[in-house]
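Structure record follows, encoded as structure tokens.
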Amino acid sequence: MVEKATHYTVEIAGVKRDLPLVEIAPGLRIAIFNMLGDTEVVEAAADALAKRLPPAKALVTPEVKSIPLAYALSLRLGIPYVVARKTLKPYMVGAVSAEVLSITTGKPQTLYLDGKDLALLKGADVILVDDVVSTGSTLHGMQKLMAVAGAHIVAEAAVFTEGDPEQWKEVIALGSLPLFTD
């Protein structure tokens with residue numbers, strides 16, 4: 001009997017990591033990439049992605065796991081970043097929202113853009129940044145938010161896409177993660 005693999009090894013701009021394989025549905029596992037707290041990976045990914053991104057006025061990223069990447073890219077590109085939040089906070093005056101379905105939570109979520117960020121984004125060229133593009137739901141939610149904000153998306157970037165790489169040809173990514181079926 002052949003044992004199932006428990007990890008999948010990736011290389012991110014020269015940095016190797018073993019990602020745990022987690023079952024998200026019967027017979028379907030994915031490699032979980034979490035760069036929170038992994039400064040070496042964040043820095044390497046930001047260096048590699050920054051070289052491939054077009055000029056823009058701002059970066060937009062969803063809360064939480066991709067925030068360190070957006071921050072590092074912001075420093076390298078000299079442009080601000082905006083976080084699409086997953087909860088509406090009392091200080092978010094004039095917020096706009098879009099609903100998404102996250103593959104990691106398996107539940108509908110709402111992304112919120114703080115009203116204070118609308119002036120920065122209106123008419124601006126922006127780059128959407130995420131850690132992994134899996135189903136495209138979060139990316140679609142951010143696209144809807146940018147339409148409401150009046151921003152023009154000039155690029156979409158991620159450390160990884162997941163599944164069929166041909167499906168995500170328009171996303172500037174450093175690699176693709178396979179789906180693992182049993």
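We label chains A, B, ... in the order they appear in the structure tokens, count residues from 1 in each chain, and number ligands from 1 in the order shown.
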Using only C-alpha atoms, find each residue of stretch 3-58 of chain A with at least one atom at most 9 Å away from an atom of stretch 147-161 of chain A; report its shortest atom-to-atom pair and that distance in Å (one decimal), sort the rows by chain and rising residue number, and return the result as JSON lines.
{"residue": "A:Ile12", "atom": "CA", "partner": "A:Val159", "partner_atom": "CA", "distance": 7.7}
{"residue": "A:Phe33", "atom": "CA", "partner": "A:Phe160", "partner_atom": "CA", "distance": 8.7}
{"residue": "A:Ala45", "atom": "CA", "partner": "A:Val159", "partner_atom": "CA", "distance": 6.6}
{"residue": "A:Ala46", "atom": "CA", "partner": "A:Val159", "partner_atom": "CA", "distance": 8.8}
{"residue": "A:Leu49", "atom": "CA", "partner": "A:Ala157", "partner_atom": "CA", "distance": 7.6}
{"residue": "A:Leu53", "atom": "CA", "partner": "A:Ala155", "partner_atom": "CA", "distance": 7.1}
{"residue": "A:Pro54", "atom": "CA", "partner": "A:Ala155", "partner_atom": "CA", "distance": 7.1}
{"residue": "A:Pro55", "atom": "CA", "partner": "A:Val154", "partner_atom": "CA", "distance": 8.2}
{"residue": "A:Ala56", "atom": "CA", "partner": "A:Val154", "partner_atom": "CA", "distance": 7.2}
With N, CA, C and O atoms kept, could you save the residues just selected as an mmCIF file, in the first residue's frame?
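Heads up, here's the output in part_33.cif:
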data_model
loop_
_atom_site.group_PDB
_atom_site.id
_atom_site.type_symbol
_atom_site.label_atom_id
_atom_site.label_comp_id
_atom_site.auth_asym_id
_atom_site.auth_seq_id
_atom_site.Cartn_x
_atom_site.Cartn_y
_atom_site.Cartn_z
ATOM 1 N N ILE A 12 9.939 29.219 -3.582
ATOM 2 C CA ILE A 12 9.442 30.569 -3.780
ATOM 3 C C ILE A 12 10.650 31.484 -3.928
ATOM 4 O O ILE A 12 11.307 31.802 -2.940
ATOM 5 N N PHE A 33 -0.573 27.155 1.953
ATOM 6 C CA PHE A 33 0.517 28.133 1.969
ATOM 7 C C PHE A 33 0.126 29.267 2.902
ATOM 8 O O PHE A 33 -0.891 29.920 2.705
ATOM 9 N N ALA A 45 9.400 36.595 -2.060
ATOM 10 C CA ALA A 45 8.259 36.731 -2.963
ATOM 11 C C ALA A 45 8.089 38.178 -3.417
ATOM 12 O O ALA A 45 7.832 38.442 -4.597
ATOM 13 N N ALA A 46 8.234 39.130 -2.503
ATOM 14 C CA ALA A 46 8.090 40.544 -2.857
ATOM 15 C C ALA A 46 9.176 40.969 -3.845
ATOM 16 O O ALA A 46 8.895 41.690 -4.809
ATOM 17 N N LEU A 49 8.164 39.323 -7.273
ATOM 18 C CA LEU A 49 6.962 39.894 -7.878
ATOM 19 C C LEU A 49 7.152 41.351 -8.288
ATOM 20 O O LEU A 49 6.649 41.763 -9.343
ATOM 21 N N LEU A 53 5.769 43.513 -11.961
ATOM 22 C CA LEU A 53 4.529 44.286 -11.899
ATOM 23 C C LEU A 53 4.616 45.584 -12.693
ATOM 24 O O LEU A 53 5.663 46.239 -12.703
ATOM 25 N N PRO A 54 3.503 45.978 -13.328
ATOM 26 C CA PRO A 54 3.469 47.247 -14.066
ATOM 27 C C PRO A 54 3.347 48.425 -13.097
ATOM 28 O O PRO A 54 3.020 48.235 -11.924
ATOM 29 N N PRO A 55 3.560 49.638 -13.588
ATOM 30 C CA PRO A 55 3.354 50.819 -12.732
ATOM 31 C C PRO A 55 1.900 50.903 -12.274
ATOM 32 O O PRO A 55 0.984 50.524 -13.007
ATOM 33 N N ALA A 56 1.712 51.384 -11.051
ATOM 34 C CA ALA A 56 0.369 51.553 -10.489
ATOM 35 C C ALA A 56 0.430 52.615 -9.406
ATOM 36 O O ALA A 56 1.511 53.018 -8.971
#
- DSSP says strand (DSSP E) for which residues of stretch 49-177 of chain A? Put them as JSON, numbers by chain? {"A": [58, 59, 60, 61, 62, 81, 82, 83, 84, 96, 97, 98, 99, 100, 101, 108, 109, 110, 111, 112, 113, 125, 126, 127, 128, 129, 130, 131, 132, 133, 152, 153, 154, 155, 156, 157, 158, 159, 160, 161, 162, 171, 172, 173, 174, 175, 176, 177]}
- Message: Show me, as a list in words, the residues that have an atom within 12 Å of A:Thr39 when counting only C-alpha atoms, minus same-chain residues fewer than 2 positions from it.
- Response: Val15, Asn34, Met35, Leu36, Gly37, Val41, Val42, Glu43, Ala44, Ala45, Ala46, Pro68, Leu69, Tyr71 and Ala72 of chain A
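Among the candidate residues A:Val100, A:Pro26, A:Asp18, A:Gly94, the one lying nearest to A:Leu139 is A:Val100, with distances computed using only C-alpha atoms.
Atom CA of A:Glu170 is positioned 27.5 Å from atom CA of A:Glu23.
Checking A:Lys169, A:Gly123, A:Gly78, A:Ala98 one by one against A:Ser137, counting only C-alpha atoms, you find the shortest gap at A:Ala98.
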I need the residues in chain A that are helix (DSSP H, G or I) according to DSSP; give them as a compact mmCIF listing (two decimals) with all heavy atoms, in the first residue's frame.
# COMPACT_ATOMS: atom_id res chain seq x y z
N THR A 39 9.13 35.74 7.33
CA THR A 39 9.75 36.91 6.72
C THR A 39 10.60 36.56 5.51
O THR A 39 10.59 37.28 4.50
CB THR A 39 10.60 37.67 7.77
OG1 THR A 39 9.77 37.97 8.89
CG2 THR A 39 11.17 38.95 7.21
N GLU A 40 11.31 35.45 5.57
CA GLU A 40 12.16 35.05 4.45
C GLU A 40 11.33 34.84 3.18
O GLU A 40 11.70 35.30 2.09
CB GLU A 40 12.95 33.78 4.80
CG GLU A 40 13.92 33.36 3.71
CD GLU A 40 14.68 32.09 4.05
OE1 GLU A 40 14.22 31.29 4.90
OE2 GLU A 40 15.75 31.90 3.44
N VAL A 41 10.21 34.16 3.30
CA VAL A 41 9.34 33.93 2.15
C VAL A 41 8.72 35.23 1.66
O VAL A 41 8.68 35.50 0.46
CB VAL A 41 8.25 32.89 2.49
CG1 VAL A 41 7.12 32.91 1.47
CG2 VAL A 41 8.85 31.50 2.56
N VAL A 42 8.23 36.06 2.58
CA VAL A 42 7.61 37.33 2.20
C VAL A 42 8.61 38.19 1.42
O VAL A 42 8.29 38.73 0.35
CB VAL A 42 7.08 38.10 3.43
CG1 VAL A 42 6.66 39.51 3.06
CG2 VAL A 42 5.92 37.34 4.06
N GLU A 43 9.82 38.30 1.94
CA GLU A 43 10.83 39.13 1.28
C GLU A 43 11.20 38.59 -0.09
O GLU A 43 11.31 39.34 -1.07
CB GLU A 43 12.07 39.25 2.17
CG GLU A 43 11.83 40.05 3.45
CD GLU A 43 11.58 41.52 3.18
OE1 GLU A 43 12.36 42.13 2.42
OE2 GLU A 43 10.60 42.05 3.72
N ALA A 44 11.40 37.28 -0.20
CA ALA A 44 11.77 36.67 -1.48
C ALA A 44 10.64 36.84 -2.49
O ALA A 44 10.88 37.19 -3.66
CB ALA A 44 12.11 35.19 -1.28
N ALA A 45 9.40 36.60 -2.06
CA ALA A 45 8.26 36.73 -2.96
C ALA A 45 8.09 38.18 -3.42
O ALA A 45 7.83 38.44 -4.60
CB ALA A 45 6.99 36.23 -2.29
N ALA A 46 8.23 39.13 -2.50
CA ALA A 46 8.09 40.54 -2.86
C ALA A 46 9.18 40.97 -3.85
O ALA A 46 8.90 41.69 -4.81
CB ALA A 46 8.13 41.41 -1.60
N ASP A 47 10.41 40.53 -3.62
CA ASP A 47 11.49 40.86 -4.56
C ASP A 47 11.16 40.35 -5.96
O ASP A 47 11.30 41.07 -6.95
CB ASP A 47 12.82 40.25 -4.10
CG ASP A 47 13.46 41.00 -2.94
OD1 ASP A 47 13.08 42.16 -2.67
OD2 ASP A 47 14.34 40.40 -2.29
N ALA A 48 10.73 39.10 -6.05
CA ALA A 48 10.45 38.48 -7.35
C ALA A 48 9.23 39.10 -8.03
O ALA A 48 9.26 39.37 -9.23
CB ALA A 48 10.27 36.98 -7.18
N LEU A 49 8.16 39.32 -7.27
CA LEU A 49 6.96 39.89 -7.88
C LEU A 49 7.15 41.35 -8.29
O LEU A 49 6.65 41.76 -9.34
CB LEU A 49 5.77 39.78 -6.92
CG LEU A 49 5.09 38.42 -6.84
CD1 LEU A 49 4.05 38.40 -5.72
CD2 LEU A 49 4.44 38.05 -8.17
N ALA A 50 7.85 42.13 -7.48
CA ALA A 50 8.03 43.55 -7.78
C ALA A 50 8.66 43.77 -9.15
O ALA A 50 8.32 44.73 -9.85
CB ALA A 50 8.87 44.22 -6.69
N ILE A 67 -1.37 40.36 3.65
CA ILE A 67 -1.00 41.71 4.09
C ILE A 67 0.52 41.90 4.16
O ILE A 67 1.03 42.92 3.69
CB ILE A 67 -1.69 42.09 5.42
CG1 ILE A 67 -3.19 42.25 5.19
CG2 ILE A 67 -1.10 43.37 6.01
CD1 ILE A 67 -4.00 42.48 6.46
N PRO A 68 1.29 40.96 4.72
CA PRO A 68 2.75 41.17 4.73
C PRO A 68 3.34 41.32 3.33
O PRO A 68 4.26 42.12 3.11
CB PRO A 68 3.30 39.92 5.42
CG PRO A 68 2.17 39.35 6.18
CD PRO A 68 0.93 39.72 5.41
N LEU A 69 2.81 40.58 2.37
CA LEU A 69 3.28 40.69 0.99
C LEU A 69 2.95 42.06 0.41
O LEU A 69 3.79 42.70 -0.23
CB LEU A 69 2.68 39.58 0.12
CG LEU A 69 3.06 39.60 -1.35
CD1 LEU A 69 4.56 39.43 -1.54
CD2 LEU A 69 2.29 38.51 -2.10
N ALA A 70 1.73 42.54 0.63
CA ALA A 70 1.34 43.87 0.14
C ALA A 70 2.22 44.95 0.76
O ALA A 70 2.65 45.88 0.06
CB ALA A 70 -0.13 44.13 0.43
N TYR A 71 2.50 44.83 2.04
CA TYR A 71 3.38 45.79 2.71
C TYR A 71 4.77 45.79 2.08
O TYR A 71 5.33 46.85 1.76
CB TYR A 71 3.46 45.47 4.21
CG TYR A 71 4.47 46.31 4.94
CD1 TYR A 71 4.16 47.62 5.32
CD2 TYR A 71 5.73 45.82 5.23
CE1 TYR A 71 5.10 48.41 5.99
CE2 TYR A 71 6.67 46.60 5.89
CZ TYR A 71 6.35 47.89 6.26
OH TYR A 71 7.27 48.67 6.91
N ALA A 72 5.34 44.60 1.89
CA ALA A 72 6.68 44.50 1.31
C ALA A 72 6.71 45.02 -0.13
O ALA A 72 7.66 45.70 -0.53
CB ALA A 72 7.17 43.05 1.38
N LEU A 73 5.68 44.73 -0.89
CA LEU A 73 5.59 45.26 -2.26
C LEU A 73 5.43 46.78 -2.24
O LEU A 73 6.01 47.48 -3.07
CB LEU A 73 4.43 44.62 -3.01
CG LEU A 73 4.65 43.20 -3.51
CD1 LEU A 73 3.34 42.59 -4.00
CD2 LEU A 73 5.70 43.18 -4.62
N SER A 74 4.66 47.28 -1.29
CA SER A 74 4.47 48.72 -1.15
C SER A 74 5.80 49.44 -0.95
O SER A 74 6.07 50.47 -1.58
CB SER A 74 3.53 49.00 0.03
OG SER A 74 3.43 50.36 0.31
N LEU A 75 6.65 48.88 -0.12
CA LEU A 75 7.97 49.46 0.11
C LEU A 75 8.82 49.43 -1.16
O LEU A 75 9.49 50.42 -1.50
CB LEU A 75 8.71 48.71 1.22
CG LEU A 75 8.15 48.86 2.63
CD1 LEU A 75 8.90 47.96 3.60
CD2 LEU A 75 8.22 50.32 3.07
N ARG A 76 8.80 48.32 -1.86
CA ARG A 76 9.62 48.17 -3.06
C ARG A 76 9.14 49.05 -4.21
O ARG A 76 9.95 49.57 -4.97
CB ARG A 76 9.65 46.70 -3.51
CG ARG A 76 10.57 45.86 -2.64
CD ARG A 76 10.17 44.39 -2.66
NE ARG A 76 11.06 43.58 -1.85
CZ ARG A 76 11.02 43.49 -0.52
NH1 ARG A 76 10.11 44.18 0.14
NH2 ARG A 76 11.87 42.73 0.12
N LEU A 77 7.82 49.20 -4.34
CA LEU A 77 7.27 49.95 -5.46
C LEU A 77 7.03 51.42 -5.13
O LEU A 77 6.76 52.22 -6.02
CB LEU A 77 5.95 49.30 -5.90
CG LEU A 77 6.06 47.84 -6.38
CD1 LEU A 77 4.66 47.27 -6.65
CD2 LEU A 77 6.95 47.73 -7.61
N GLY A 115 -14.30 53.56 3.56
CA GLY A 115 -14.61 54.77 2.80
C GLY A 115 -13.42 55.70 2.65
O GLY A 115 -13.29 56.39 1.64
N LYS A 116 -12.50 55.70 3.62
CA LYS A 116 -11.32 56.58 3.54
C LYS A 116 -10.42 56.20 2.37
O LYS A 116 -9.66 57.02 1.87
CB LYS A 116 -10.52 56.56 4.84
CG LYS A 116 -9.70 55.30 5.03
CD LYS A 116 -8.72 55.43 6.19
CE LYS A 116 -7.88 54.20 6.37
NZ LYS A 116 -7.04 53.84 5.24
N ASP A 117 -10.50 54.97 1.90
CA ASP A 117 -9.65 54.52 0.80
C ASP A 117 -10.24 54.83 -0.57
O ASP A 117 -9.55 54.72 -1.58
CB ASP A 117 -9.40 53.00 0.92
CG ASP A 117 -8.63 52.66 2.17
OD1 ASP A 117 -7.68 53.39 2.52
OD2 ASP A 117 -8.97 51.65 2.82
N LEU A 118 -11.51 55.19 -0.62
CA LEU A 118 -12.16 55.44 -1.90
C LEU A 118 -11.52 56.59 -2.67
O LEU A 118 -11.37 56.50 -3.89
CB LEU A 118 -13.65 55.68 -1.70
CG LEU A 118 -14.45 54.47 -1.20
CD1 LEU A 118 -15.90 54.85 -0.93
CD2 LEU A 118 -14.36 53.32 -2.18
N ALA A 119 -11.12 57.65 -1.99
CA ALA A 119 -10.50 58.79 -2.68
C ALA A 119 -9.17 58.38 -3.32
O ALA A 119 -8.86 58.80 -4.44
CB ALA A 119 -10.27 59.95 -1.70
N LEU A 120 -8.39 57.55 -2.63
CA LEU A 120 -7.12 57.07 -3.17
C LEU A 120 -7.34 56.22 -4.42
O LEU A 120 -6.58 56.30 -5.39
CB LEU A 120 -6.37 56.25 -2.11
CG LEU A 120 -5.15 55.47 -2.60
CD1 LEU A 120 -4.03 56.40 -3.01
CD2 LEU A 120 -4.67 54.51 -1.52
N LEU A 121 -8.38 55.39 -4.41
CA LEU A 121 -8.59 54.42 -5.47
C LEU A 121 -9.36 54.96 -6.68
O LEU A 121 -9.20 54.45 -7.78
CB LEU A 121 -9.31 53.19 -4.90
CG LEU A 121 -8.54 52.43 -3.82
CD1 LEU A 121 -9.39 51.32 -3.24
CD2 LEU A 121 -7.23 51.90 -4.36
N SER A 137 -12.61 33.39 -6.24
CA SER A 137 -13.70 34.09 -5.56
C SER A 137 -13.23 35.38 -4.88
O SER A 137 -13.87 36.42 -5.02
CB SER A 137 -14.35 33.16 -4.55
OG SER A 137 -15.39 33.83 -3.88
N THR A 138 -12.14 35.31 -4.15
CA THR A 138 -11.63 36.51 -3.49
C THR A 138 -11.19 37.54 -4.52
O THR A 138 -11.47 38.73 -4.39
CB THR A 138 -10.46 36.16 -2.54
OG1 THR A 138 -10.92 35.22 -1.56
CG2 THR A 138 -9.93 37.40 -1.83
N LEU A 139 -10.54 37.07 -5.57
CA LEU A 139 -10.12 37.96 -6.65
C LEU A 139 -11.34 38.64 -7.27
O LEU A 139 -11.34 39.86 -7.50
CB LEU A 139 -9.36 37.14 -7.69
CG LEU A 139 -8.56 37.88 -8.73
CD1 LEU A 139 -7.47 38.73 -8.09
CD2 LEU A 139 -7.92 36.87 -9.69
N HIS A 140 -12.39 37.87 -7.50
CA HIS A 140 -13.62 38.42 -8.07
C HIS A 140 -14.23 39.46 -7.12
O HIS A 140 -14.71 40.51 -7.56
CB HIS A 140 -14.62 37.31 -8.38
CG HIS A 140 -15.87 37.79 -9.02
ND1 HIS A 140 -15.91 38.38 -10.28
CD2 HIS A 140 -17.15 37.79 -8.57
CE1 HIS A 140 -17.15 38.72 -10.56
NE2 HIS A 140 -17.92 38.38 -9.55
N GLY A 141 -14.23 39.16 -5.82
CA GLY A 141 -14.74 40.12 -4.85
C GLY A 141 -13.95 41.42 -4.87
O GLY A 141 -14.52 42.52 -4.81
N MET A 142 -12.62 41.32 -4.98
CA MET A 142 -11.80 42.53 -5.05
C MET A 142 -12.05 43.28 -6.35
O MET A 142 -12.06 44.51 -6.37
CB MET A 142 -10.32 42.19 -4.88
CG MET A 142 -9.96 41.76 -3.47
SD MET A 142 -8.18 41.74 -3.11
CE MET A 142 -7.54 40.62 -4.34
N GLN A 143 -12.27 42.56 -7.45
CA GLN A 143 -12.61 43.20 -8.72
C GLN A 143 -13.90 43.99 -8.59
O GLN A 143 -14.00 45.13 -9.07
CB GLN A 143 -12.73 42.15 -9.84
CG GLN A 143 -11.43 41.50 -10.22
CD GLN A 143 -11.62 40.24 -11.05
OE1 GLN A 143 -12.73 39.69 -11.15
NE2 GLN A 143 -10.53 39.75 -11.65
N LYS A 144 -14.91 43.40 -7.91
CA LYS A 144 -16.18 44.10 -7.70
C LYS A 144 -15.97 45.35 -6.85
O LYS A 144 -16.53 46.40 -7.13
CB LYS A 144 -17.20 43.17 -7.05
CG LYS A 144 -17.70 42.08 -7.98
CD LYS A 144 -18.97 41.37 -7.51
CE LYS A 144 -18.86 40.65 -6.21
NZ LYS A 144 -20.03 39.81 -5.89
N LEU A 145 -15.14 45.23 -5.81
CA LEU A 145 -14.85 46.40 -4.96
C LEU A 145 -14.18 47.51 -5.77
O LEU A 145 -14.48 48.69 -5.59
CB LEU A 145 -13.95 46.01 -3.79
CG LEU A 145 -14.61 45.35 -2.60
CD1 LEU A 145 -13.56 44.93 -1.56
CD2 LEU A 145 -15.64 46.25 -1.95
N MET A 146 -13.26 47.13 -6.66
CA MET A 146 -12.56 48.13 -7.46
C MET A 146 -13.50 48.82 -8.44
O MET A 146 -13.37 50.01 -8.72
CB MET A 146 -11.36 47.52 -8.20
CG MET A 146 -10.24 47.03 -7.28
SD MET A 146 -9.62 48.29 -6.12
CE MET A 146 -10.55 47.91 -4.63
N ALA A 147 -14.48 48.07 -8.95
CA ALA A 147 -15.47 48.67 -9.84
C ALA A 147 -16.29 49.72 -9.08
O ALA A 147 -16.51 50.82 -9.58
CB ALA A 147 -16.38 47.59 -10.42
N VAL A 148 -16.69 49.38 -7.86
CA VAL A 148 -17.44 50.33 -7.03
C VAL A 148 -16.58 51.55 -6.70
O VAL A 148 -17.06 52.68 -6.70
CB VAL A 148 -17.94 49.65 -5.73
CG1 VAL A 148 -18.52 50.68 -4.76
CG2 VAL A 148 -18.96 48.57 -6.05
N ALA A 149 -15.29 51.32 -6.44
CA ALA A 149 -14.38 52.42 -6.09
C ALA A 149 -13.97 53.25 -7.29
O ALA A 149 -13.40 54.33 -7.13
CB ALA A 149 -13.13 51.85 -5.41
N PRO A 165 -2.95 25.74 -14.19
CA PRO A 165 -2.27 27.03 -14.42
C PRO A 165 -2.85 27.81 -15.61
O PRO A 165 -2.83 29.03 -15.61
CB PRO A 165 -0.82 26.64 -14.69
CG PRO A 165 -0.67 25.25 -14.20
CD PRO A 165 -2.02 24.62 -14.25
N GLU A 166 -3.40 27.10 -16.60
CA GLU A 166 -3.99 27.78 -17.76
C GLU A 166 -5.19 28.63 -17.38
O GLU A 166 -5.49 29.62 -18.04
CB GLU A 166 -4.38 26.75 -18.82
CG GLU A 166 -3.19 26.11 -19.51
CD GLU A 166 -2.34 27.13 -20.26
OE1 GLU A 166 -2.89 27.89 -21.08
OE2 GLU A 166 -1.12 27.17 -20.01
N GLN A 167 -5.87 28.23 -16.31
CA GLN A 167 -7.04 28.98 -15.85
C GLN A 167 -6.65 30.36 -15.32
O GLN A 167 -7.46 31.28 -15.31
CB GLN A 167 -7.76 28.19 -14.75
CG GLN A 167 -8.99 28.85 -14.22
CD GLN A 167 -9.62 28.06 -13.08
OE1 GLN A 167 -9.13 27.02 -12.66
NE2 GLN A 167 -10.73 28.55 -12.58
N TRP A 168 -5.41 30.50 -14.88
CA TRP A 168 -4.96 31.73 -14.23
C TRP A 168 -3.84 32.42 -15.00
O TRP A 168 -2.97 33.05 -14.41
CB TRP A 168 -4.51 31.42 -12.79
CG TRP A 168 -5.57 30.73 -12.00
CD1 TRP A 168 -5.52 29.47 -11.48
CD2 TRP A 168 -6.86 31.25 -11.67
NE1 TRP A 168 -6.69 29.17 -10.84
CE2 TRP A 168 -7.53 30.24 -10.94
CE3 TRP A 168 -7.50 32.45 -11.92
CZ2 TRP A 168 -8.82 30.42 -10.46
CZ3 TRP A 168 -8.79 32.61 -11.44
CH2 TRP A 168 -9.44 31.61 -10.71
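By chain and then residue number, the residues within 8 Å of A:Pro80 are A:Lys57, A:Ala58, A:Leu59, A:Ser74, counting only C-alpha atoms and disregarding those fewer than 6 positions away in sequence.
The spacing separating atom CA of A:Ser176 from atom CA of A:Gly163 amounts to 7.1 Å.
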- Task: Provide the atom CA of A:Leu19 to atom CA of A:Ser66 distance in Å, to one decimal place.
- Result: 16.4 Å
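Distance check against A:Arg17 using only C-alpha atoms: of A:Ile32, A:Tyr81, A:Gly136, A:Lys4, the minimum falls on A:Ile32.
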